[in-house]
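Coordinates as given in work.cif (mmCIF, C-alpha atoms and all ligand atoms):
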data_my_file
#
loop_
_atom_site.group_PDB
_atom_site.id
_atom_site.type_symbol
_atom_site.label_atom_id
_atom_site.label_comp_id
_atom_site.auth_asym_id
_atom_site.auth_seq_id
_atom_site.Cartn_x
_atom_site.Cartn_y
_atom_site.Cartn_z
ATOM 1 C CA MET A 1 -2.270 24.611 -3.690
ATOM 2 C CA LEU A 2 -0.816 27.772 -2.239
ATOM 3 C CA LYS A 3 -3.175 30.352 -0.804
ATOM 4 C CA GLU A 4 -3.449 33.456 -2.981
ATOM 5 C CA LYS A 5 -1.796 35.811 -0.481
ATOM 6 C CA ILE A 6 1.087 33.373 0.090
ATOM 7 C CA LEU A 7 1.587 32.987 -3.669
ATOM 8 C CA LYS A 8 1.649 36.753 -4.026
ATOM 9 C CA ILE A 9 4.270 37.300 -1.320
ATOM 10 C CA LEU A 10 6.426 34.440 -2.696
ATOM 11 C CA ASN A 11 6.396 35.946 -6.184
ATOM 12 C CA LYS A 12 7.309 39.283 -4.615
ATOM 13 C CA GLN A 13 10.246 37.613 -2.873
ATOM 14 C CA VAL A 14 11.466 36.159 -6.197
ATOM 15 C CA ASN A 15 11.613 39.756 -7.415
ATOM 16 C CA GLU A 16 13.392 40.891 -4.205
ATOM 17 C CA GLU A 17 16.062 38.203 -4.630
ATOM 18 C CA LEU A 18 16.513 39.005 -8.330
ATOM 19 C CA PHE A 19 16.877 42.677 -7.436
ATOM 20 C CA SER A 20 19.484 41.706 -4.812
ATOM 21 C CA SER A 21 21.356 39.815 -7.527
ATOM 22 C CA TYR A 22 21.143 42.846 -9.818
ATOM 23 C CA LEU A 23 22.242 45.244 -7.072
ATOM 24 C CA TYR A 24 25.305 43.156 -6.172
ATOM 25 C CA LEU A 25 26.220 42.780 -9.839
ATOM 26 C CA SER A 26 26.070 46.562 -10.139
ATOM 27 C CA MET A 27 28.288 46.871 -7.052
ATOM 28 C CA SER A 28 30.673 44.369 -8.653
ATOM 29 C CA ALA A 29 30.856 46.507 -11.804
ATOM 30 C CA TYR A 30 31.507 49.582 -9.633
ATOM 31 C CA PHE A 31 34.401 47.831 -7.861
ATOM 32 C CA SER A 32 35.864 46.718 -11.214
ATOM 33 C CA SER A 33 35.679 50.303 -12.429
ATOM 34 C CA ILE A 34 37.880 51.425 -9.527
ATOM 35 C CA ASN A 35 40.243 48.438 -9.906
ATOM 36 C CA PHE A 36 39.227 46.587 -6.754
ATOM 37 C CA GLU A 37 39.106 43.176 -8.404
ATOM 38 C CA GLY A 38 38.853 41.253 -5.124
ATOM 39 C CA PHE A 39 35.794 43.236 -3.991
ATOM 40 C CA ALA A 40 34.401 42.844 -7.516
ATOM 41 C CA LYS A 41 34.796 39.059 -7.417
ATOM 42 C CA TRP A 42 33.194 38.867 -3.970
ATOM 43 C CA MET A 43 30.196 40.887 -5.167
ATOM 44 C CA SER A 44 29.812 38.877 -8.358
ATOM 45 C CA LEU A 45 29.697 35.627 -6.328
ATOM 46 C CA GLN A 46 27.183 37.285 -4.007
ATOM 47 C CA SER A 47 25.099 38.183 -7.035
ATOM 48 C CA LYS A 48 25.083 34.528 -8.156
ATOM 49 C CA GLU A 49 23.998 33.436 -4.679
ATOM 50 C CA GLU A 50 21.054 35.822 -4.813
ATOM 51 C CA TYR A 51 20.027 34.428 -8.192
ATOM 52 C CA GLU A 52 20.068 30.968 -6.594
ATOM 53 C CA HIS A 53 17.858 32.252 -3.765
ATOM 54 C CA ALA A 54 15.376 33.521 -6.348
ATOM 55 C CA MET A 55 15.422 30.133 -8.096
ATOM 56 C CA LYS A 56 14.886 28.235 -4.832
ATOM 57 C CA ILE A 57 11.651 30.175 -4.290
ATOM 58 C CA TYR A 58 10.734 29.944 -7.988
ATOM 59 C CA ASN A 59 11.054 26.140 -7.838
ATOM 60 C CA TYR A 60 9.137 25.984 -4.576
ATOM 61 C CA ILE A 61 6.203 27.894 -6.112
ATOM 62 C CA LEU A 62 6.142 25.427 -9.023
ATOM 63 C CA GLN A 63 6.374 22.437 -6.676
ATOM 64 C CA ARG A 64 3.316 23.727 -4.880
ATOM 65 C CA ASP A 65 1.483 24.063 -8.218
ATOM 66 C CA GLY A 66 1.591 27.838 -8.048
ATOM 67 C CA LYS A 67 2.031 30.237 -10.931
ATOM 68 C CA VAL A 68 5.390 31.999 -11.129
ATOM 69 C CA THR A 69 4.823 35.637 -12.099
ATOM 70 C CA LEU A 70 7.971 37.540 -12.966
ATOM 71 C CA THR A 71 7.772 41.302 -12.687
ATOM 72 C CA LYS A 72 9.958 44.256 -13.560
ATOM 73 C CA ILE A 73 13.248 44.455 -11.686
ATOM 74 C CA GLU A 74 14.085 47.876 -10.270
ATOM 75 C CA THR A 75 17.184 49.612 -11.703
ATOM 76 C CA PRO A 76 20.011 49.403 -9.173
ATOM 77 C CA LYS A 77 22.317 52.296 -8.366
ATOM 78 C CA THR A 78 25.418 52.316 -10.550
ATOM 79 C CA SER A 79 27.897 54.242 -8.470
ATOM 80 C CA TRP A 80 28.909 54.651 -4.864
ATOM 81 C CA SER A 81 31.258 57.012 -3.051
ATOM 82 C CA SER A 82 33.533 54.349 -1.535
ATOM 83 C CA ALA A 83 33.856 50.707 -0.454
ATOM 84 C CA LEU A 84 32.565 51.857 2.937
ATOM 85 C CA ASN A 85 29.461 53.273 1.283
ATOM 86 C CA VAL A 86 28.888 50.026 -0.670
ATOM 87 C CA PHE A 87 29.013 47.861 2.447
ATOM 88 C CA GLN A 88 26.828 50.258 4.466
ATOM 89 C CA GLU A 89 24.204 49.805 1.755
ATOM 90 C CA THR A 90 24.791 46.052 1.532
ATOM 91 C CA LEU A 91 24.153 45.673 5.262
ATOM 92 C CA LYS A 92 21.048 47.854 5.024
ATOM 93 C CA HIS A 93 19.791 45.828 2.078
ATOM 94 C CA GLU A 94 20.320 42.495 3.861
ATOM 95 C CA GLN A 95 18.444 43.843 6.888
ATOM 96 C CA HIS A 96 15.592 44.720 4.544
ATOM 97 C CA ILE A 97 15.634 41.187 3.065
ATOM 98 C CA THR A 98 15.610 39.702 6.567
ATOM 99 C CA ALA A 99 12.465 41.723 7.313
ATOM 100 C CA CYS A 100 10.872 40.407 4.077
ATOM 101 C CA ILE A 101 11.681 36.793 5.021
ATOM 102 C CA HIS A 102 10.308 37.246 8.542
ATOM 103 C CA ASN A 103 7.178 38.731 7.048
ATOM 104 C CA ILE A 104 6.711 35.635 4.866
ATOM 105 C CA VAL A 105 7.195 33.297 7.833
ATOM 106 C CA ASN A 106 4.731 35.321 9.932
ATOM 107 C CA MET A 107 2.148 35.105 7.161
ATOM 108 C CA ALA A 108 2.768 31.386 6.601
ATOM 109 C CA ILE A 109 2.262 30.717 10.321
ATOM 110 C CA GLN A 110 -0.864 32.855 10.384
ATOM 111 C CA GLU A 111 -2.254 30.992 7.345
ATOM 112 C CA LYS A 112 -1.271 27.623 8.858
ATOM 113 C CA ASP A 113 0.843 26.860 5.775
ATOM 114 C CA HIS A 114 3.281 24.468 7.454
ATOM 115 C CA ALA A 115 5.188 23.614 4.266
ATOM 116 C CA THR A 116 5.971 27.274 3.557
ATOM 117 C CA THR A 117 6.828 27.926 7.221
ATOM 118 C CA ASN A 118 9.244 25.017 7.092
ATOM 119 C CA PHE A 119 10.696 25.863 3.675
ATOM 120 C CA PHE A 120 11.527 29.400 4.757
ATOM 121 C CA GLN A 121 13.479 28.310 7.824
ATOM 122 C CA TRP A 122 16.454 27.869 5.492
ATOM 123 C CA PHE A 123 16.146 31.535 4.509
ATOM 124 C CA VAL A 124 15.829 32.641 8.142
ATOM 125 C CA THR A 125 19.167 30.955 8.891
ATOM 126 C CA GLU A 126 20.732 32.194 5.651
ATOM 127 C CA GLN A 127 19.801 35.793 6.542
ATOM 128 C CA VAL A 128 21.544 35.538 9.927
ATOM 129 C CA GLU A 129 24.695 34.626 7.997
ATOM 130 C CA GLU A 130 24.201 37.293 5.309
ATOM 131 C CA VAL A 131 23.729 40.108 7.843
ATOM 132 C CA ALA A 132 26.695 38.895 9.923
ATOM 133 C CA THR A 133 28.986 38.700 6.870
ATOM 134 C CA ALA A 134 28.029 42.139 5.530
ATOM 135 C CA GLY A 135 28.401 43.572 9.059
ATOM 136 C CA SER A 136 31.825 42.048 9.563
ATOM 137 C CA ILE A 137 33.202 43.332 6.232
ATOM 138 C CA LEU A 138 31.760 46.777 7.063
ATOM 139 C CA GLU A 139 33.524 46.720 10.451
ATOM 140 C CA LYS A 140 36.827 45.818 8.777
ATOM 141 C CA ILE A 141 36.470 48.711 6.324
ATOM 142 C CA LYS A 142 35.734 51.072 9.221
ATOM 143 C CA MET A 143 38.853 49.839 11.039
ATOM 144 C CA ILE A 144 40.956 50.345 7.924
ATOM 145 C CA GLY A 145 39.789 53.961 7.638
ATOM 146 C CA ASP A 146 41.797 55.899 5.070
ATOM 147 C CA SER A 147 44.628 53.376 4.782
ATOM 148 C CA LYS A 148 45.129 52.479 1.083
ATOM 149 C CA ASN A 149 47.320 49.638 2.261
ATOM 150 C CA GLY A 150 44.541 48.207 4.397
ATOM 151 C CA LEU A 151 42.017 48.341 1.567
ATOM 152 C CA PHE A 152 44.541 46.673 -0.737
ATOM 153 C CA ILE A 153 44.928 43.789 1.716
ATOM 154 C CA LEU A 154 41.154 43.449 2.238
ATOM 155 C CA ASP A 155 40.652 43.464 -1.544
ATOM 156 C CA ARG A 156 43.061 40.546 -1.800
ATOM 157 C CA GLU A 157 41.343 38.720 1.079
ATOM 158 C CA LEU A 158 37.851 39.092 -0.425
ATOM 159 C CA GLY A 159 39.183 37.960 -3.801
ATOM 160 C CA GLN A 160 39.884 34.536 -2.265
ATOM 161 C CA ARG A 161 36.182 33.779 -1.970
ATOM 162 C CA GLN A 162 35.246 30.690 -3.959
HETATM 163 FE FE FE B 201 18.984 36.330 -0.739
HETATM 164 FE FE FE B 202 21.518 38.143 0.549
#
Could you rewrite the structure in this file as structure tokens?
Ligand SMILES: [Fe+2]
Ligand SMILES: [Fe+2]
Amino acid sequence: MLKEKILKILNKQVNEELFSSYLYLSMSAYFSSINFEGFAKWMSLQSKEEYEHAMKIYNYILQRDGKVTLTKIETPKTSWSSALNVFQETLKHEQHITACIHNIVNMAIQEKDHATTNFFQWFVTEQVEEVATAGSILEKIKMIGDSKNGLFILDRELGQRQ
């Protein structure tokens, strides 16, 4: 059985991951609305990944005989000023998620919950990748600056994501 405070923080993380999925879907819709279909595809795949993260934790709670408690998902923003603005917020959001994951691991260690400590190592590694990816796309957008041509090429590049 999971300790009550661990169960609570895991259910909170399910909500955080579902919100991430919702946020990236909203960003995808924003990109579609300004005809950046490559950025839109990238964000919609990112949204699916976040849903999978939520489900990983959801299934882990069940495996540990815990009760999954779904709660209200915050409304995401629906418009941004530019691609630059979207990726600034994406990076900020992933940094926030990294802090949440580290918080869970710290609590699991403190509570001597070895299974949860171990399970969340995957997320620790995943967050290193997520922050690096968001950061690298942000850097590219900064390099491109006001070049429409550059954004067009990056849109095509991001649209290749499978
Ligand atoms: Fe995630
Ligand atoms: Fe993420």
Select the residues contacting ligand FE 202 (chain B) at a distance of at most 6 Å, based on all atoms listed in the file, then format the selection as a PyMOL selection string. chain A and resi 50+94+130
Kindly export the residues of the current selection with C-alpha atoms, as an mmCIF file, in the coordinates of the input.
data_model
loop_
_atom_site.group_PDB
_atom_site.id
_atom_site.type_symbol
_atom_site.label_atom_id
_atom_site.label_comp_id
_atom_site.auth_asym_id
_atom_site.auth_seq_id
_atom_site.Cartn_x
_atom_site.Cartn_y
_atom_site.Cartn_z
ATOM 1 C CA GLU A 50 21.054 35.822 -4.813
ATOM 2 C CA GLU A 94 20.320 42.495 3.861
ATOM 3 C CA GLU A 130 24.201 37.293 5.309
#
Polymer residues at most 8 Å from stretch 157-159 of chain A, all atoms listed in the file, same-chain spacing of 5 or more positions, as a list in words: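 Near stretch 157-159 of chain A, the qualifying residues are Glu37, Gly38, Phe39, Ala40, Lys41 and Trp42 of chain A.
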Extract, using only C-alpha atoms, all DNA, RNA and protein residues at most 10 Å from A:Glu126, discarding same-chain residues fewer than 5 positions from it, and format them as a ChimeraX atom specification. /A:53,98,120-121,131-132
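You will find atom CA of A:Ala108 at 19.5 Å from atom CA of A:Val128.
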Among A:Asn103, A:Ser136, A:Gln63, A:Asn15, ligand FE 201 (chain B) is approached most closely, using all atoms listed in the file, by A:Asn15
Using the chain letters and numbers from the file, give me the residues hit by the PyMOL selection byres (((not hetatm)) within 10 of (chain B and resi 201)), as a compact mmCIF listing (two decimals) with C-alpha atoms, in the coordinates of the input.
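The file below, expr00.txt, is the result:
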# COMPACT_ATOMS: atom_id res chain seq x y z
CA GLN A 13 10.25 37.61 -2.87
CA VAL A 14 11.47 36.16 -6.20
CA GLU A 16 13.39 40.89 -4.20
CA GLU A 17 16.06 38.20 -4.63
CA LEU A 18 16.51 39.01 -8.33
CA PHE A 19 16.88 42.68 -7.44
CA SER A 20 19.48 41.71 -4.81
CA SER A 21 21.36 39.82 -7.53
CA GLN A 46 27.18 37.28 -4.01
CA SER A 47 25.10 38.18 -7.04
CA LYS A 48 25.08 34.53 -8.16
CA GLU A 49 24.00 33.44 -4.68
CA GLU A 50 21.05 35.82 -4.81
CA TYR A 51 20.03 34.43 -8.19
CA GLU A 52 20.07 30.97 -6.59
CA HIS A 53 17.86 32.25 -3.76
CA ALA A 54 15.38 33.52 -6.35
CA LYS A 56 14.89 28.24 -4.83
CA HIS A 93 19.79 45.83 2.08
CA GLU A 94 20.32 42.50 3.86
CA ILE A 97 15.63 41.19 3.06
CA THR A 98 15.61 39.70 6.57
CA ILE A 101 11.68 36.79 5.02
CA PHE A 123 16.15 31.54 4.51
CA GLU A 126 20.73 32.19 5.65
CA GLN A 127 19.80 35.79 6.54
CA GLU A 130 24.20 37.29 5.31
Which residue, A:Leu138, A:Asn85, A:Val68, A:Lys5, has the smallest gap to A:Gln110 when you use only C-alpha atoms?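 Closest residue, counting only C-alpha atoms: A:Lys5.
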Neighbouring residues of A:Asn106 were defined as those with any atom within 12 Å, considering only C-alpha atoms; residues of the same chain fewer than 5 positions away were excluded. Please report them as a CSV table (one decimal) with C-alpha atoms, keeping the file's coordinate frame.
chain,number,residue,atom,x,y,z
A,6,ILE,CA,1.1,33.4,0.1
A,9,ILE,CA,4.3,37.3,-1.3
A,99,ALA,CA,12.5,41.7,7.3
A,100,CYS,CA,10.9,40.4,4.1
A,101,ILE,CA,11.7,36.8,5.0
A,111,GLU,CA,-2.3,31.0,7.3
A,112,LYS,CA,-1.3,27.6,8.9
A,113,ASP,CA,0.8,26.9,5.8
A,114,HIS,CA,3.3,24.5,7.5
A,116,THR,CA,6.0,27.3,3.6
A,117,THR,CA,6.8,27.9,7.2
A,118,ASN,CA,9.2,25.0,7.1
A,120,PHE,CA,11.5,29.4,4.8
A,121,GLN,CA,13.5,28.3,7.8
A,124,VAL,CA,15.8,32.6,8.1
Using the chain letters and numbers from this file, what does the PyMOL selection byres (((chain A and resi 65) around 12) and not hetatm) select? Give the answer as a PDB file with C-alpha atoms, in the coordinates of the input.
ATOM      1  CA  MET A   1      -2.270  24.611  -3.690  1.00  0.00           C
ATOM      2  CA  LEU A   2      -0.816  27.772  -2.239  1.00  0.00           C
ATOM      3  CA  LYS A   3      -3.175  30.352  -0.804  1.00  0.00           C
ATOM      4  CA  GLU A   4      -3.449  33.456  -2.981  1.00  0.00           C
ATOM      5  CA  LEU A   7       1.587  32.987  -3.669  1.00  0.00           C
ATOM      6  CA  TYR A  58      10.734  29.944  -7.988  1.00  0.00           C
ATOM      7  CA  ASN A  59      11.054  26.140  -7.838  1.00  0.00           C
ATOM      8  CA  TYR A  60       9.137  25.984  -4.576  1.00  0.00           C
ATOM      9  CA  ILE A  61       6.203  27.894  -6.112  1.00  0.00           C
ATOM     10  CA  LEU A  62       6.142  25.427  -9.023  1.00  0.00           C
ATOM     11  CA  GLN A  63       6.374  22.437  -6.676  1.00  0.00           C
ATOM     12  CA  ARG A  64       3.316  23.727  -4.880  1.00  0.00           C
ATOM     13  CA  GLY A  66       1.591  27.838  -8.048  1.00  0.00           C
ATOM     14  CA  LYS A  67       2.031  30.237 -10.931  1.00  0.00           C
ATOM     15  CA  VAL A  68       5.390  31.999 -11.129  1.00  0.00           C
TER      16      VAL A  68
END
Could you check which of A:Thr69, A:Ser82, A:Ser32, A:Gln162 is closest to A:Ile141, using only C-alpha atoms? A:Ser82
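Taking atom CA of A:Ser79 and atom CA of A:Asn35 as endpoints, the distance between them is 13.7 Å.
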Residue nearest A:Trp122 among A:Tyr24, A:Leu91, A:His96, A:Ile57 (counting only C-alpha atoms): A:Ile57
Please rebuild stretch 137-148 of chain A with all heavy atoms and give the result as a PDB file, in the coordinates of the input.
ATOM      1  N   ILE A 137      32.378  42.641   7.247  1.00  0.00           N
ATOM      2  CA  ILE A 137      33.202  43.332   6.232  1.00  0.00           C
ATOM      3  C   ILE A 137      33.126  44.844   6.462  1.00  0.00           C
ATOM      4  O   ILE A 137      34.128  45.550   6.408  1.00  0.00           O
ATOM      5  CB  ILE A 137      32.773  42.946   4.802  1.00  0.00           C
ATOM      6  CG1 ILE A 137      33.012  41.449   4.568  1.00  0.00           C
ATOM      7  CG2 ILE A 137      33.532  43.780   3.756  1.00  0.00           C
ATOM      8  CD1 ILE A 137      32.455  40.904   3.261  1.00  0.00           C
ATOM      9  N   LEU A 138      31.930  45.344   6.781  1.00  0.00           N
ATOM     10  CA  LEU A 138      31.760  46.777   7.063  1.00  0.00           C
ATOM     11  C   LEU A 138      32.655  47.204   8.232  1.00  0.00           C
ATOM     12  O   LEU A 138      33.320  48.255   8.167  1.00  0.00           O
ATOM     13  CB  LEU A 138      30.281  47.075   7.361  1.00  0.00           C
ATOM     14  CG  LEU A 138      29.940  48.520   7.726  1.00  0.00           C
ATOM     15  CD1 LEU A 138      30.296  49.491   6.608  1.00  0.00           C
ATOM     16  CD2 LEU A 138      28.443  48.646   8.063  1.00  0.00           C
ATOM     17  N   GLU A 139      32.680  46.394   9.287  1.00  0.00           N
ATOM     18  CA  GLU A 139      33.524  46.720  10.451  1.00  0.00           C
ATOM     19  C   GLU A 139      34.998  46.772  10.069  1.00  0.00           C
ATOM     20  O   GLU A 139      35.738  47.649  10.526  1.00  0.00           O
ATOM     21  CB  GLU A 139      33.310  45.702  11.588  1.00  0.00           C
ATOM     22  CG  GLU A 139      32.009  45.905  12.359  1.00  0.00           C
ATOM     23  CD  GLU A 139      31.775  47.352  12.780  1.00  0.00           C
ATOM     24  OE1 GLU A 139      32.674  47.943  13.419  1.00  0.00           O
ATOM     25  OE2 GLU A 139      30.705  47.916  12.452  1.00  0.00           O
ATOM     26  N   LYS A 140      35.423  45.824   9.223  1.00  0.00           N
ATOM     27  CA  LYS A 140      36.827  45.818   8.777  1.00  0.00           C
ATOM     28  C   LYS A 140      37.146  47.100   8.007  1.00  0.00           C
ATOM     29  O   LYS A 140      38.186  47.715   8.222  1.00  0.00           O
ATOM     30  CB  LYS A 140      37.104  44.609   7.882  1.00  0.00           C
ATOM     31  CG  LYS A 140      37.317  43.328   8.663  1.00  0.00           C
ATOM     32  CD  LYS A 140      37.642  42.160   7.734  1.00  0.00           C
ATOM     33  CE  LYS A 140      37.700  40.861   8.524  1.00  0.00           C
ATOM     34  NZ  LYS A 140      37.722  39.675   7.655  1.00  0.00           N
ATOM     35  N   ILE A 141      36.238  47.491   7.118  1.00  0.00           N
ATOM     36  CA  ILE A 141      36.470  48.711   6.324  1.00  0.00           C
ATOM     37  C   ILE A 141      36.541  49.934   7.237  1.00  0.00           C
ATOM     38  O   ILE A 141      37.368  50.820   7.051  1.00  0.00           O
ATOM     39  CB  ILE A 141      35.387  48.882   5.233  1.00  0.00           C
ATOM     40  CG1 ILE A 141      35.459  47.725   4.231  1.00  0.00           C
ATOM     41  CG2 ILE A 141      35.547  50.211   4.504  1.00  0.00           C
ATOM     42  CD1 ILE A 141      34.319  47.697   3.210  1.00  0.00           C
ATOM     43  N   LYS A 142      35.700  49.947   8.262  1.00  0.00           N
ATOM     44  CA  LYS A 142      35.734  51.072   9.221  1.00  0.00           C
ATOM     45  C   LYS A 142      37.067  51.110   9.953  1.00  0.00           C
ATOM     46  O   LYS A 142      37.640  52.180  10.170  1.00  0.00           O
ATOM     47  CB  LYS A 142      34.596  50.947  10.234  1.00  0.00           C
ATOM     48  CG  LYS A 142      33.244  51.401   9.695  1.00  0.00           C
ATOM     49  CD  LYS A 142      32.223  51.345  10.817  1.00  0.00           C
ATOM     50  CE  LYS A 142      30.821  51.636  10.322  1.00  0.00           C
ATOM     51  NZ  LYS A 142      29.812  51.163  11.309  1.00  0.00           N
ATOM     52  N   MET A 143      37.566  49.925  10.338  1.00  0.00           N
ATOM     53  CA  MET A 143      38.853  49.839  11.039  1.00  0.00           C
ATOM     54  C   MET A 143      39.995  50.339  10.165  1.00  0.00           C
ATOM     55  O   MET A 143      40.898  51.019  10.632  1.00  0.00           O
ATOM     56  CB  MET A 143      39.127  48.391  11.440  1.00  0.00           C
ATOM     57  CG  MET A 143      38.837  48.126  12.893  1.00  0.00           C
ATOM     58  SD  MET A 143      39.383  46.497  13.430  1.00  0.00           S
ATOM     59  CE  MET A 143      38.792  45.377  12.190  1.00  0.00           C
ATOM     60  N   ILE A 144      39.915  49.962   8.884  1.00  0.00           N
ATOM     61  CA  ILE A 144      40.956  50.345   7.924  1.00  0.00           C
ATOM     62  C   ILE A 144      41.007  51.864   7.748  1.00  0.00           C
ATOM     63  O   ILE A 144      42.075  52.446   7.603  1.00  0.00           O
ATOM     64  CB  ILE A 144      40.696  49.645   6.565  1.00  0.00           C
ATOM     65  CG1 ILE A 144      41.031  48.153   6.678  1.00  0.00           C
ATOM     66  CG2 ILE A 144      41.477  50.297   5.447  1.00  0.00           C
ATOM     67  CD1 ILE A 144      40.513  47.327   5.517  1.00  0.00           C
ATOM     68  N   GLY A 145      39.866  52.505   7.793  1.00  0.00           N
ATOM     69  CA  GLY A 145      39.789  53.961   7.638  1.00  0.00           C
ATOM     70  C   GLY A 145      40.337  54.407   6.297  1.00  0.00           C
ATOM     71  O   GLY A 145      39.924  53.879   5.275  1.00  0.00           O
ATOM     72  N   ASP A 146      41.273  55.345   6.327  1.00  0.00           N
ATOM     73  CA  ASP A 146      41.797  55.899   5.070  1.00  0.00           C
ATOM     74  C   ASP A 146      43.038  55.179   4.553  1.00  0.00           C
ATOM     75  O   ASP A 146      43.642  55.620   3.576  1.00  0.00           O
ATOM     76  CB  ASP A 146      42.115  57.392   5.248  1.00  0.00           C
ATOM     77  CG  ASP A 146      40.843  58.223   5.346  1.00  0.00           C
ATOM     78  OD1 ASP A 146      39.816  57.779   4.788  1.00  0.00           O
ATOM     79  OD2 ASP A 146      40.863  59.283   6.003  1.00  0.00           O
ATOM     80  N   SER A 147      43.409  54.078   5.197  1.00  0.00           N
ATOM     81  CA  SER A 147      44.628  53.376   4.782  1.00  0.00           C
ATOM     82  C   SER A 147      44.458  52.650   3.444  1.00  0.00           C
ATOM     83  O   SER A 147      43.721  51.674   3.336  1.00  0.00           O
ATOM     84  CB  SER A 147      45.041  52.379   5.874  1.00  0.00           C
ATOM     85  OG  SER A 147      45.838  51.364   5.319  1.00  0.00           O
ATOM     86  N   LYS A 148      45.163  53.117   2.409  1.00  0.00           N
ATOM     87  CA  LYS A 148      45.129  52.479   1.083  1.00  0.00           C
ATOM     88  C   LYS A 148      45.662  51.061   1.179  1.00  0.00           C
ATOM     89  O   LYS A 148      45.175  50.143   0.533  1.00  0.00           O
ATOM     90  CB  LYS A 148      45.977  53.297   0.101  1.00  0.00           C
ATOM     91  CG  LYS A 148      45.301  54.606  -0.317  1.00  0.00           C
ATOM     92  CD  LYS A 148      45.219  54.705  -1.845  1.00  0.00           C
ATOM     93  CE  LYS A 148      44.203  55.741  -2.287  1.00  0.00           C
ATOM     94  NZ  LYS A 148      44.627  57.131  -1.984  1.00  0.00           N
TER      95      LYS A 148
END
